[in-house]
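> Here you go, this is coords12.cif (mmCIF, C-alpha atoms and all ligand atoms).
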```cif
data_final
#
loop_
_atom_site.label_atom_id
_atom_site.label_comp_id
_atom_site.auth_asym_id
_atom_site.auth_seq_id
_atom_site.Cartn_x
_atom_site.Cartn_y
_atom_site.Cartn_z
CA MET A 8 151.03 89.13 -11.27
CA LYS A 9 152.16 91.35 -8.37
CA ALA A 10 154.90 89.71 -6.33
CA LEU A 11 157.55 90.49 -3.71
CA VAL A 12 160.83 89.96 -5.55
CA LEU A 13 164.33 89.82 -4.10
CA LYS A 14 166.35 91.23 -7.04
CA GLU A 15 169.63 90.68 -5.25
CA LYS A 16 170.97 90.93 -1.71
CA ASN A 17 169.41 93.97 0.05
CA ARG A 18 167.17 94.89 -2.88
CA LEU A 19 163.49 94.00 -2.52
CA VAL A 20 160.78 95.29 -4.84
CA VAL A 21 157.07 94.74 -5.39
CA GLU A 22 156.58 94.39 -9.12
CA ASP A 23 154.62 92.70 -11.85
CA PHE A 24 156.34 89.39 -12.33
CA ALA A 25 155.61 87.20 -15.34
CA ILE A 26 155.09 83.66 -14.11
CA ASP A 27 153.30 81.14 -16.24
CA GLU A 28 152.08 78.16 -14.25
CA LYS A 29 150.19 75.33 -15.91
CA LEU A 30 147.51 73.59 -13.90
CA SER A 31 148.05 69.84 -14.17
CA PRO A 32 145.11 67.49 -13.47
CA SER A 33 146.35 66.89 -9.91
CA ASP A 34 146.98 70.58 -9.07
CA VAL A 35 144.94 73.41 -7.63
CA ARG A 36 145.31 77.14 -8.20
CA ILE A 37 145.18 79.16 -4.99
CA ALA A 38 144.71 82.89 -4.41
CA ILE A 39 147.20 83.67 -1.66
CA ARG A 40 145.72 85.39 1.42
CA ASN A 41 148.29 85.33 4.23
CA VAL A 42 152.04 84.79 4.27
CA GLY A 43 154.26 84.80 7.36
CA ILE A 44 157.76 86.24 7.13
CA CYS A 45 160.31 83.58 8.05
CA GLY A 46 163.86 83.95 9.30
CA SER A 47 165.00 82.35 6.06
CA ASP A 48 163.28 85.08 3.98
CA ILE A 49 165.13 87.69 6.03
CA HIS A 50 168.39 85.79 5.68
CA TYR A 51 168.11 85.72 1.86
CA TYR A 52 167.19 89.41 1.90
CA LEU A 53 170.21 90.41 4.00
CA HIS A 54 172.82 87.92 2.79
CA GLY A 55 171.63 86.69 -0.61
CA ARG A 56 172.29 83.09 0.39
CA ILE A 57 171.81 80.32 2.94
CA GLY A 58 174.66 77.85 2.78
CA ASP A 59 174.85 76.46 -0.76
CA PHE A 60 171.55 78.08 -1.80
CA VAL A 61 172.48 81.34 -3.52
CA VAL A 62 170.14 83.96 -5.01
CA LYS A 63 171.54 84.32 -8.54
CA GLU A 64 168.36 85.51 -10.24
CA PRO A 65 165.37 87.51 -8.98
CA LEU A 66 163.50 85.37 -6.47
CA ILE A 67 159.96 85.67 -5.10
CA LEU A 68 160.14 85.25 -1.31
CA GLY A 69 157.71 83.62 1.15
CA HIS A 70 156.81 80.03 2.01
CA GLU A 71 154.41 80.15 5.00
CA ALA A 72 151.07 80.61 3.30
CA SER A 73 147.32 80.18 3.28
CA GLY A 74 144.78 81.02 0.60
CA ILE A 75 141.58 80.19 -1.23
CA VAL A 76 141.23 77.60 -3.97
CA ILE A 77 140.21 79.32 -7.24
CA GLU A 78 140.64 76.46 -9.73
CA THR A 79 141.00 72.69 -9.49
CA GLY A 80 142.60 70.19 -11.86
CA ALA A 81 140.39 67.53 -13.46
CA GLU A 82 141.52 64.73 -11.10
CA VAL A 83 141.35 66.67 -7.83
CA LYS A 84 138.87 65.10 -5.40
CA ASN A 85 139.87 66.46 -1.99
CA LEU A 86 139.36 70.18 -2.69
CA LYS A 87 136.90 72.48 -4.40
CA VAL A 88 136.78 76.12 -5.48
CA GLY A 89 136.27 78.37 -2.46
CA ASP A 90 138.00 76.08 0.05
CA ARG A 91 140.21 77.84 2.59
CA VAL A 92 143.57 76.06 2.60
CA CYS A 93 147.18 76.08 3.68
CA MET A 94 150.00 74.69 1.62
CA GLU A 95 153.03 72.58 2.42
CA PRO A 96 155.85 74.41 0.61
CA GLY A 97 158.26 71.56 -0.22
CA ILE A 98 157.29 69.37 -3.15
CA PRO A 99 159.33 66.19 -3.59
CA SER A 100 159.58 64.03 -6.69
CA PHE A 101 156.72 61.62 -6.13
CA GLY A 102 158.64 58.62 -7.47
CA SER A 103 161.96 59.21 -5.73
CA ASN A 104 163.49 56.64 -3.38
CA MET A 105 163.06 58.79 -0.29
CA THR A 106 159.46 59.59 -1.17
CA LEU A 107 158.73 55.90 -1.68
CA LYS A 108 160.34 55.17 1.70
CA GLY A 109 157.90 57.68 3.25
CA LYS A 110 160.62 60.26 3.96
CA TYR A 111 159.80 62.74 1.24
CA ASN A 112 161.38 65.68 3.10
CA LEU A 113 164.75 64.00 2.54
CA ASP A 114 164.32 63.71 -1.24
CA PRO A 115 167.36 65.60 -2.62
CA THR A 116 165.25 66.91 -5.51
CA VAL A 117 162.59 68.51 -3.27
CA ARG A 118 161.45 71.90 -4.62
CA PHE A 119 160.88 74.21 -1.67
CA TRP A 120 159.28 77.66 -2.03
CA ALA A 121 161.66 80.61 -1.81
CA THR A 122 164.74 78.40 -1.86
CA PRO A 123 166.73 79.38 -4.98
CA PRO A 124 165.93 78.82 -7.77
CA ILE A 125 162.32 77.97 -6.72
CA HIS A 126 160.02 80.97 -6.39
CA GLY A 127 158.09 81.55 -3.18
CA CYS A 128 154.47 82.49 -2.64
CA MET A 129 154.35 86.24 -1.83
CA ARG A 130 152.33 86.82 -4.97
CA GLU A 131 148.74 86.84 -6.12
CA SER A 132 148.35 83.13 -6.82
CA VAL A 133 150.18 79.81 -6.98
CA VAL A 134 149.63 76.44 -8.63
CA HIS A 135 150.24 73.64 -6.12
CA PRO A 136 149.72 69.85 -5.93
CA ALA A 137 146.36 69.10 -4.32
CA SER A 138 148.07 66.45 -2.18
CA PHE A 139 150.22 69.17 -0.55
CA THR A 140 147.25 71.50 -0.05
CA PHE A 141 145.18 71.15 3.15
CA LYS A 142 141.66 72.36 3.83
CA LEU A 143 141.29 74.46 6.98
CA PRO A 144 138.41 73.70 9.38
CA ASP A 145 135.91 76.55 9.83
CA ASN A 146 137.33 77.47 13.23
CA VAL A 147 140.90 77.89 11.93
CA SER A 148 141.56 81.33 10.43
CA LEU A 149 143.61 81.98 7.31
CA GLU A 150 146.23 83.68 9.48
CA GLU A 151 146.47 80.56 11.63
CA GLY A 152 146.66 78.59 8.39
CA ALA A 153 149.79 80.51 7.43
CA LEU A 154 151.29 79.54 10.83
CA VAL A 155 150.94 75.83 10.10
CA GLU A 156 154.31 75.79 8.31
CA PRO A 157 156.49 76.84 11.27
CA LEU A 158 154.19 74.95 13.66
CA ALA A 159 154.74 71.76 11.67
CA ILE A 160 158.43 71.94 12.62
CA GLY A 161 157.50 72.00 16.30
CA VAL A 162 155.01 69.16 15.91
CA TYR A 163 157.57 67.13 13.97
CA SER A 164 160.17 67.80 16.69
CA ALA A 165 157.80 66.59 19.43
CA SER A 166 156.86 63.59 17.32
CA THR A 167 160.54 62.74 16.64
CA ALA A 168 161.19 63.03 20.38
CA THR A 169 158.48 60.41 21.09
CA VAL A 170 157.19 62.51 23.96
CA GLN A 171 155.77 60.34 26.77
CA PRO A 172 153.02 61.47 29.15
CA GLY A 173 154.48 63.68 31.87
CA ASP A 174 157.88 64.20 30.25
CA ILE A 175 159.86 67.28 31.21
CA ALA A 176 161.71 69.03 28.40
CA ILE A 177 164.03 71.94 27.82
CA VAL A 178 163.80 74.02 24.67
CA PHE A 179 166.87 76.11 23.92
CA GLY A 180 165.84 79.18 21.94
CA ALA A 181 162.70 81.33 22.23
CA GLY A 182 162.40 82.32 18.58
CA THR A 183 159.41 81.21 16.55
CA ILE A 184 160.66 77.64 16.25
CA GLY A 185 161.56 77.38 19.94
CA ILE A 186 158.11 78.59 20.98
CA VAL A 187 156.19 76.37 18.57
CA THR A 188 158.30 73.42 19.74
CA ALA A 189 157.40 74.17 23.36
CA LEU A 190 153.70 74.38 22.44
CA ALA A 191 153.88 71.12 20.49
CA ALA A 192 155.76 69.36 23.31
CA LEU A 193 153.07 70.38 25.82
CA SER A 194 150.23 69.34 23.54
CA SER A 195 152.03 66.00 23.00
CA GLY A 196 152.06 65.21 26.72
CA CYS A 197 154.96 67.05 28.33
CA SER A 198 154.05 68.25 31.82
CA LYS A 199 156.60 71.06 31.88
CA VAL A 200 158.75 72.72 29.26
CA ILE A 201 161.61 74.99 30.24
CA VAL A 202 162.38 77.56 27.53
CA CYS A 203 165.80 79.21 27.64
CA ASP A 204 166.95 82.35 25.85
CA ILE A 205 168.92 85.50 26.58
CA LYS A 206 166.34 87.81 24.97
CA GLN A 207 163.98 88.85 27.75
CA GLY A 208 161.49 90.35 25.27
CA LYS A 209 160.81 86.94 23.74
CA LEU A 210 160.47 85.26 27.14
CA ASP A 211 158.05 88.00 28.25
CA ILE A 212 155.77 87.23 25.29
CA ILE A 213 155.71 83.56 26.31
CA LYS A 214 154.95 84.43 29.94
CA LYS A 215 152.15 86.75 28.92
CA HIS A 216 150.36 84.60 26.35
CA PHE A 217 151.16 80.94 26.77
CA SER A 218 150.74 78.08 29.24
CA LYS A 219 151.96 78.39 32.81
CA ASN A 220 153.58 74.99 32.23
CA ILE A 221 156.21 76.77 30.13
CA ILE A 222 158.93 77.95 32.50
CA CYS A 223 160.99 80.80 31.04
CA VAL A 224 164.66 81.05 31.92
CA ASN A 225 166.85 83.98 30.92
CA THR A 226 170.21 82.21 30.95
CA SER A 227 172.10 85.51 30.98
CA LYS A 228 170.60 86.26 34.41
CA GLU A 229 169.48 82.97 35.93
CA SER A 230 171.26 79.67 36.53
CA LEU A 231 169.69 76.90 34.46
CA ASP A 232 171.70 74.35 36.49
CA THR A 233 169.99 75.46 39.72
CA ILE A 234 166.56 75.35 38.13
CA ILE A 235 167.14 71.86 36.69
CA GLN A 236 168.46 70.68 40.04
CA ASP A 237 165.12 71.70 41.49
CA ILE A 238 162.75 70.45 38.77
CA ALA A 239 164.53 67.38 37.38
CA PRO A 240 167.59 66.42 39.46
CA GLU A 241 168.43 63.47 37.20
CA GLY A 242 168.13 65.67 34.11
CA VAL A 243 165.22 66.24 31.76
CA ASP A 244 163.70 63.61 29.49
CA ILE A 245 164.18 65.65 26.33
CA VAL A 246 166.25 68.59 25.15
CA PHE A 247 165.11 70.41 22.02
CA GLU A 248 167.97 72.46 20.58
CA ALA A 249 166.50 75.35 18.58
CA THR A 250 169.27 77.95 18.67
CA GLY A 251 171.89 76.49 16.32
CA ASN A 252 174.40 78.20 18.61
CA PRO A 253 177.60 76.10 18.99
CA ALA A 254 178.10 77.29 22.60
CA VAL A 255 174.63 75.99 23.50
CA ILE A 256 175.08 72.72 21.59
CA ALA A 257 178.38 72.10 23.41
CA ASN A 258 176.50 71.95 26.73
CA ILE A 259 173.20 70.21 26.05
CA ILE A 260 174.14 66.71 27.20
CA LYS A 261 174.60 67.63 30.85
CA TYR A 262 170.93 68.57 31.19
CA ILE A 263 169.58 65.25 29.87
CA ARG A 264 168.77 62.29 32.14
CA PRO A 265 170.30 58.86 31.41
CA ALA A 266 168.59 57.34 28.35
CA GLY A 267 167.03 60.72 27.50
CA ARG A 268 166.77 62.29 24.07
CA ALA A 269 168.11 65.35 22.28
CA ILE A 270 166.44 66.72 19.17
CA MET A 271 168.61 68.92 16.98
CA ILE A 272 166.45 71.54 15.26
CA GLY A 273 168.61 74.68 15.00
CA MET A 274 171.15 74.90 12.19
CA PRO A 275 174.62 75.95 13.34
CA PRO A 276 176.57 78.04 10.82
CA ALA A 277 179.49 75.55 10.92
CA PRO A 278 180.08 72.04 12.29
CA ALA A 279 179.30 72.09 16.03
CA ALA A 280 180.66 69.86 18.82
CA TYR A 281 179.05 68.21 21.84
CA ASP A 282 180.47 66.02 24.59
CA VAL A 283 180.37 62.51 23.08
CA VAL A 284 181.58 60.70 26.22
CA ALA A 285 178.98 62.44 28.39
CA ALA A 286 176.35 61.33 25.85
CA GLN A 287 177.76 57.77 25.79
CA VAL A 288 177.72 57.14 29.52
CA LYS A 289 174.07 58.21 29.60
CA GLU A 290 173.18 56.55 26.29
CA VAL A 291 171.57 59.78 25.21
CA GLU A 292 169.78 59.44 21.89
CA ILE A 293 170.49 62.35 19.59
CA ARG A 294 168.05 62.73 16.73
CA HIS A 295 168.12 65.26 13.91
CA ILE A 296 165.26 66.75 11.97
CA PHE A 297 165.08 68.49 8.61
CA ARG A 298 161.91 70.52 8.03
CA TYR A 299 159.02 67.97 8.50
CA ARG A 300 156.96 65.34 6.75
CA ASN A 301 153.32 64.27 7.11
CA MET A 302 152.75 66.90 9.83
CA TYR A 303 150.24 69.28 8.24
CA PRO A 304 147.07 67.29 9.12
CA ARG A 305 148.21 66.75 12.74
CA THR A 306 149.16 70.39 13.12
CA ILE A 307 145.82 71.62 11.75
CA ASN A 308 144.01 69.20 14.10
CA LEU A 309 145.90 70.56 17.11
CA ILE A 310 145.00 74.16 16.21
CA ALA A 311 141.35 73.28 15.52
CA SER A 312 140.96 71.37 18.80
CA GLY A 313 142.45 74.22 20.83
CA ALA A 314 145.33 72.00 22.01
CA MET A 315 147.69 74.58 20.52
CA SER A 316 146.52 78.17 20.75
CA VAL A 317 148.74 80.01 18.32
CA LYS A 318 147.18 83.40 17.59
CA PRO A 319 149.52 85.23 20.05
CA LEU A 320 152.43 84.15 17.85
CA ILE A 321 151.34 86.83 15.38
CA THR A 322 152.78 89.93 17.01
CA HIS A 323 152.75 92.23 13.94
CA SER A 324 150.56 92.42 10.83
CA TYR A 325 151.08 94.32 7.57
CA ASN A 326 149.20 94.63 4.32
CA PHE A 327 151.03 93.57 1.17
CA SER A 328 151.21 97.26 0.15
CA ASP A 329 153.59 97.74 3.11
CA VAL A 330 155.52 94.50 2.72
CA ILE A 331 158.90 96.18 2.18
CA GLU A 332 158.44 98.12 5.43
CA ALA A 333 157.55 94.80 7.09
CA PHE A 334 160.84 93.31 5.88
CA HIS A 335 162.80 96.31 7.16
CA PHE A 336 161.11 95.88 10.52
CA ALA A 337 161.76 92.13 10.59
CA ALA A 338 165.40 92.65 9.60
CA SER A 339 165.89 94.84 12.68
CA MET A 340 165.20 91.69 14.76
CA PRO A 341 163.01 93.38 17.38
CA GLU A 342 162.82 91.37 20.61
CA ASP A 343 159.08 91.85 20.95
CA ALA A 344 158.32 90.30 17.55
CA ILE A 345 157.61 86.65 16.92
CA LYS A 346 155.70 86.23 13.66
CA ILE A 347 155.18 89.09 11.24
CA MET A 348 152.13 88.30 9.09
CA ILE A 349 151.37 89.76 5.66
CA THR A 350 147.83 89.96 4.26
CA MET A 351 147.87 89.79 0.49
ZN ZN B 401 159.66 79.27 7.61
#
```
Taking this structure as input, can you express it in the form of structure tokens?


Amino acid sequence: MKALVLKEKNRLVVEDFAIDEKLSPSDVRIAIRNVGICGSDIHYYLHGRIGDFVVKEPLILGHEASGIVIETGAEVKNLKVGDRVCMEPGIPSFGSNMTLKGKYNLDPTVRFWATPPIHGCMRESVVHPASFTFKLPDNVSLEEGALVEPLAIGVYSASTATVQPGDIAIVFGAGTIGIVTALAALSSGCSKVIVCDIKQGKLDIIKKHFSKNIICVNTSKESLDTIIQDIAPEGVDIVFEATGNPAVIANIIKYIRPAGRAIMIGMPPAPAAYDVVAAQVKEVEIRHIFRYRNMYPRTINLIASGAMSVKPLITHSYNFSDVIEAFHFAASMPEDAIKIMITM
């Protein structure tokens, strides 16, 4: 089948790729319709690796996908041919300790799309467990379905933060994950979310398309300290760290109120420090997340209900015939781009 294949660092091709996938009784086969380009896809394309995950053999990219069910295994009850669906891309071992404890995202044997050596989904079809495949309501488009993957990280972050009604939060980072975290925090009950970045283009997109309860701060021009002094003099209830930037991480504690929370979402390139004593005297709770678990149904519900309006996240669309051009564009990291969506 036709697929987008990363042959090696900096070499992407669209080619016929032989991939033989058996449909087990609990699987469905899905014709892929939309795939979002993720920062991790770009990272593998440019660097050939993320941490210990190294592209040693040709790898099909893509993990943020929606599609249409074209075949169902004999035991599948929750889906039928023709259903519009989105797919959770990380499949754990169903009998592992972490899966049995309900924390399947922490199963060390999880097989995640487009994480070497597991192929991704920028191809004509995939075989996927029915239990990790979710039907989209009629009022949720296939493009929105492909956004569920990054959105699930935001919803999981808000859920991990145990947002309380009226909380005030800061999100550091206005990339895709920072924005979806801000949207999820608001839909979970935050009254105000302050989003900080130094890229004005990203902040402008937020100002133009999203809730007025998101306050954008360009920290290269404005003083966050002054703004916090005004909005939340004791500090905010929650900080979401979505930059992975050690200089940002070093400073997060000072913005959090006593007994507040910090959620670590961004992945710093090396061990990063924060002020432990400052965190101790305020008993700040610091929680870490890795991807997400059990968030797809909630995320789909929030899109369907209108609690999260996510269409403006798709700033650029390409057909699969132009997918290489789309990757070149994404790799240039344009400030006015959030999600680049491919239609297969
Ligand atoms: Zn992603």

> Find the residues of stretch 88-178 of chain A that sit at most 8 Å from stretch 241-254 of chain A; for each, write down the nearest two atoms and how far apart they are in Å, to one decimal. Count all atoms listed in the file. Sort by chain, then by number going up, and give it as a tab-separated table.


```
residue	atom	partner	partner_atom	distance
A:Ser164	CA	A:Phe247	CA	7.7
A:Ala168	CA	A:Ile245	CA	7.2
A:Asp174	CA	A:Asp244	CA	5.9
A:Ile175	CA	A:Val243	CA	5.5
A:Ala176	CA	A:Ile245	CA	4.7
A:Ile177	CA	A:Val246	CA	4.8
A:Val178	CA	A:Phe247	CA	4.7
```

> Any idea what's packed within 7 Å of A:Glu95, counting all atoms listed in the file, ignoring anything in its chain fewer than 4 positions away? Could you give it as a PyMOL selection string?

chain A and resi 139-140+156

> Enclose the full set of atoms of stretch 280-285 of chain A listed in the file within a box whose edges lie along x, y and z, apply 5 Å of padding to each of the six sides, and report centre and edge lengths in Å to one decimal as JSON.


```
{"center_x": 180.3, "center_y": 65.3, "center_z": 23.6, "size_x": 12.6, "size_y": 19.2, "size_z": 19.6}
```

> For A:Val88, which residue among A:Glu290, A:Ala266, A:Gly55, A:Ile37 is the nearest when counting all atoms listed in the file?

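Smallest distance to A:Val88 is found for A:Ile37.
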
> So, counting only C-alpha atoms and all ligand atoms, which residue among A:Lys87, A:Arg298, A:Lys261, A:Lys209 is closest to ligand ZN 401 (chain B)?

A:Arg298

> Dump the neighbourhood of ligand ZN 401 (chain B) as a count of residues only: all residues within 6 Å, distances computed on all atoms listed in the file.

3

> Can you write out as JSON lines which residues of stretch 57-151 of chain A fall within 12 Å of stretch 300-311 of chain A, alongside each residue's closest atom pair and its distance in Å to one decimal, counting all atoms listed in the file and ordering rows by chain and ascending residue number?


```
{"residue": "A:Val92", "atom": "CA", "partner": "A:Ile307", "partner_atom": "CA", "distance": 10.4}
{"residue": "A:Cys93", "atom": "CA", "partner": "A:Tyr303", "partner_atom": "CA", "distance": 8.7}
{"residue": "A:Met94", "atom": "CA", "partner": "A:Tyr303", "partner_atom": "CA", "distance": 8.6}
{"residue": "A:Glu95", "atom": "CA", "partner": "A:Tyr303", "partner_atom": "CA", "distance": 7.2}
{"residue": "A:Pro96", "atom": "CA", "partner": "A:Tyr303", "partner_atom": "CA", "distance": 10.8}
{"residue": "A:Gly97", "atom": "CA", "partner": "A:Arg300", "partner_atom": "CA", "distance": 9.4}
{"residue": "A:Ile98", "atom": "CA", "partner": "A:Arg300", "partner_atom": "CA", "distance": 10.7}
{"residue": "A:Pro99", "atom": "CA", "partner": "A:Arg300", "partner_atom": "CA", "distance": 10.6}
{"residue": "A:Met105", "atom": "CA", "partner": "A:Arg300", "partner_atom": "CA", "distance": 11.4}
{"residue": "A:Thr106", "atom": "CA", "partner": "A:Arg300", "partner_atom": "CA", "distance": 10.1}
{"residue": "A:Lys108", "atom": "CA", "partner": "A:Arg300", "partner_atom": "CA", "distance": 11.8}
{"residue": "A:Gly109", "atom": "CA", "partner": "A:Arg300", "partner_atom": "CA", "distance": 8.5}
{"residue": "A:Lys110", "atom": "CA", "partner": "A:Arg300", "partner_atom": "CA", "distance": 6.9}
{"residue": "A:Tyr111", "atom": "CA", "partner": "A:Arg300", "partner_atom": "CA", "distance": 6.7}
{"residue": "A:Asn112", "atom": "CA", "partner": "A:Arg300", "partner_atom": "CA", "distance": 5.7}
{"residue": "A:Leu113", "atom": "CA", "partner": "A:Arg300", "partner_atom": "CA", "distance": 9.0}
{"residue": "A:Asp114", "atom": "CA", "partner": "A:Arg300", "partner_atom": "CA", "distance": 11.0}
{"residue": "A:Val117", "atom": "CA", "partner": "A:Arg300", "partner_atom": "CA", "distance": 11.9}
{"residue": "A:Ser138", "atom": "CA", "partner": "A:Asn301", "partner_atom": "CA", "distance": 10.9}
{"residue": "A:Phe139", "atom": "CA", "partner": "A:Tyr303", "partner_atom": "CA", "distance": 8.8}
{"residue": "A:Thr140", "atom": "CA", "partner": "A:Tyr303", "partner_atom": "CA", "distance": 9.1}
{"residue": "A:Phe141", "atom": "CA", "partner": "A:Pro304", "partner_atom": "CA", "distance": 7.4}
{"residue": "A:Lys142", "atom": "CA", "partner": "A:Ile307", "partner_atom": "CA", "distance": 9.0}
{"residue": "A:Leu143", "atom": "CA", "partner": "A:Ile307", "partner_atom": "CA", "distance": 7.2}
{"residue": "A:Pro144", "atom": "CA", "partner": "A:Ala311", "partner_atom": "CA", "distance": 6.8}
{"residue": "A:Asp145", "atom": "CA", "partner": "A:Ala311", "partner_atom": "CA", "distance": 8.5}
{"residue": "A:Asn146", "atom": "CA", "partner": "A:Ala311", "partner_atom": "CA", "distance": 6.2}
{"residue": "A:Val147", "atom": "CA", "partner": "A:Ala311", "partner_atom": "CA", "distance": 5.9}
{"residue": "A:Ser148", "atom": "CA", "partner": "A:Ala311", "partner_atom": "CA", "distance": 9.5}
{"residue": "A:Leu149", "atom": "CA", "partner": "A:Ile307", "partner_atom": "CA", "distance": 11.5}
{"residue": "A:Glu150", "atom": "CA", "partner": "A:Ile310", "partner_atom": "CA", "distance": 11.7}
{"residue": "A:Glu151", "atom": "CA", "partner": "A:Ile310", "partner_atom": "CA", "distance": 8.0}
```

> In Å, rounded to a single decimal, give me how far atom CA of A:Phe119 is from atom CA of A:Arg91.

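Taking atom CA of A:Arg91 and atom CA of A:Phe119, their separation equals 21.4 Å.
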
> Taking into account all atoms listed in the file, which residue in the set A:Arg130, A:Lys219, A:Lys214, A:His335 is nearest to A:Leu193?

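Checking each of A:Arg130, A:Lys219, A:Lys214, A:His335 against A:Leu193, counting all atoms listed in the file, the winner is A:Lys219.
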
> List as JSON, numbers by chain the protein and nucleic acid residues near A:Val288, meaning an atom at most 10 Å away when only C-alpha atoms are counted, but skip any in the same chain fewer than 3 places from it.

{"A": [265, 266, 283, 284, 285, 291]}

> Those residues you just picked out, can you put them in a file as a compact mmCIF listing (two decimals), in the coordinates of the input with C-alpha atoms?


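The new file part-v1.txt reads:
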```txt
# COMPACT_ATOMS: atom_id res chain seq x y z
CA PRO A 265 170.30 58.86 31.41
CA ALA A 266 168.59 57.34 28.35
CA VAL A 283 180.37 62.51 23.08
CA VAL A 284 181.58 60.70 26.22
CA ALA A 285 178.98 62.44 28.39
CA VAL A 291 171.57 59.78 25.21
```

> Taking into account all atoms listed in the file, which residue in the set A:Cys223, A:Arg118, A:Gln236, A:His323 is nearest to A:Ser100?

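Comparing A:Cys223, A:Arg118, A:Gln236, A:His323 against A:Ser100, the winner is A:Arg118.
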
> Grab the atom CA of A:Val20 to atom CA of A:Ile67 distance for me, in Å with one decimal place.

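That distance, rounded to one decimal, is 9.7 Å.
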
> Would you mind putting N, CA and C atoms back on stretch 296-311 of chain A and writing the result as a compact mmCIF listing (two decimals), in the coordinates of the input?


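Output (rebuild16.txt):
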```
# COMPACT_ATOMS: atom_id res chain seq x y z
N ILE A 296 166.41 66.58 12.86
CA ILE A 296 165.26 66.75 11.97
C ILE A 296 165.60 67.75 10.87
N PHE A 297 164.97 67.54 9.73
CA PHE A 297 165.08 68.49 8.61
C PHE A 297 163.67 68.84 8.14
N ARG A 298 163.28 70.08 8.35
CA ARG A 298 161.91 70.52 8.03
C ARG A 298 160.91 69.58 8.70
N TYR A 299 160.09 68.82 7.93
CA TYR A 299 159.02 67.97 8.50
C TYR A 299 158.45 67.13 7.37
N ARG A 300 157.72 66.11 7.74
CA ARG A 300 156.96 65.34 6.75
C ARG A 300 155.68 64.84 7.42
N ASN A 301 154.61 64.81 6.64
CA ASN A 301 153.32 64.27 7.11
C ASN A 301 152.80 64.95 8.38
N MET A 302 153.13 66.21 8.58
CA MET A 302 152.75 66.90 9.83
C MET A 302 151.61 67.89 9.65
N TYR A 303 151.27 68.25 8.41
CA TYR A 303 150.24 69.28 8.24
C TYR A 303 148.89 68.86 8.84
N PRO A 304 148.38 67.64 8.54
CA PRO A 304 147.07 67.29 9.12
C PRO A 304 147.09 67.30 10.64
N ARG A 305 148.14 66.75 11.26
CA ARG A 305 148.21 66.75 12.74
C ARG A 305 148.23 68.17 13.28
N THR A 306 149.02 69.02 12.64
CA THR A 306 149.16 70.39 13.12
C THR A 306 147.83 71.13 13.03
N ILE A 307 147.14 70.97 11.91
CA ILE A 307 145.82 71.62 11.75
C ILE A 307 144.85 71.08 12.82
N ASN A 308 144.89 69.78 13.08
CA ASN A 308 144.01 69.20 14.10
C ASN A 308 144.28 69.81 15.48
N LEU A 309 145.55 70.02 15.79
CA LEU A 309 145.90 70.56 17.11
C LEU A 309 145.45 72.02 17.25
N ILE A 310 145.50 72.77 16.16
CA ILE A 310 145.00 74.16 16.21
C ILE A 310 143.47 74.13 16.36
N ALA A 311 142.83 73.30 15.53
CA ALA A 311 141.35 73.28 15.52
C ALA A 311 140.79 72.83 16.87
```
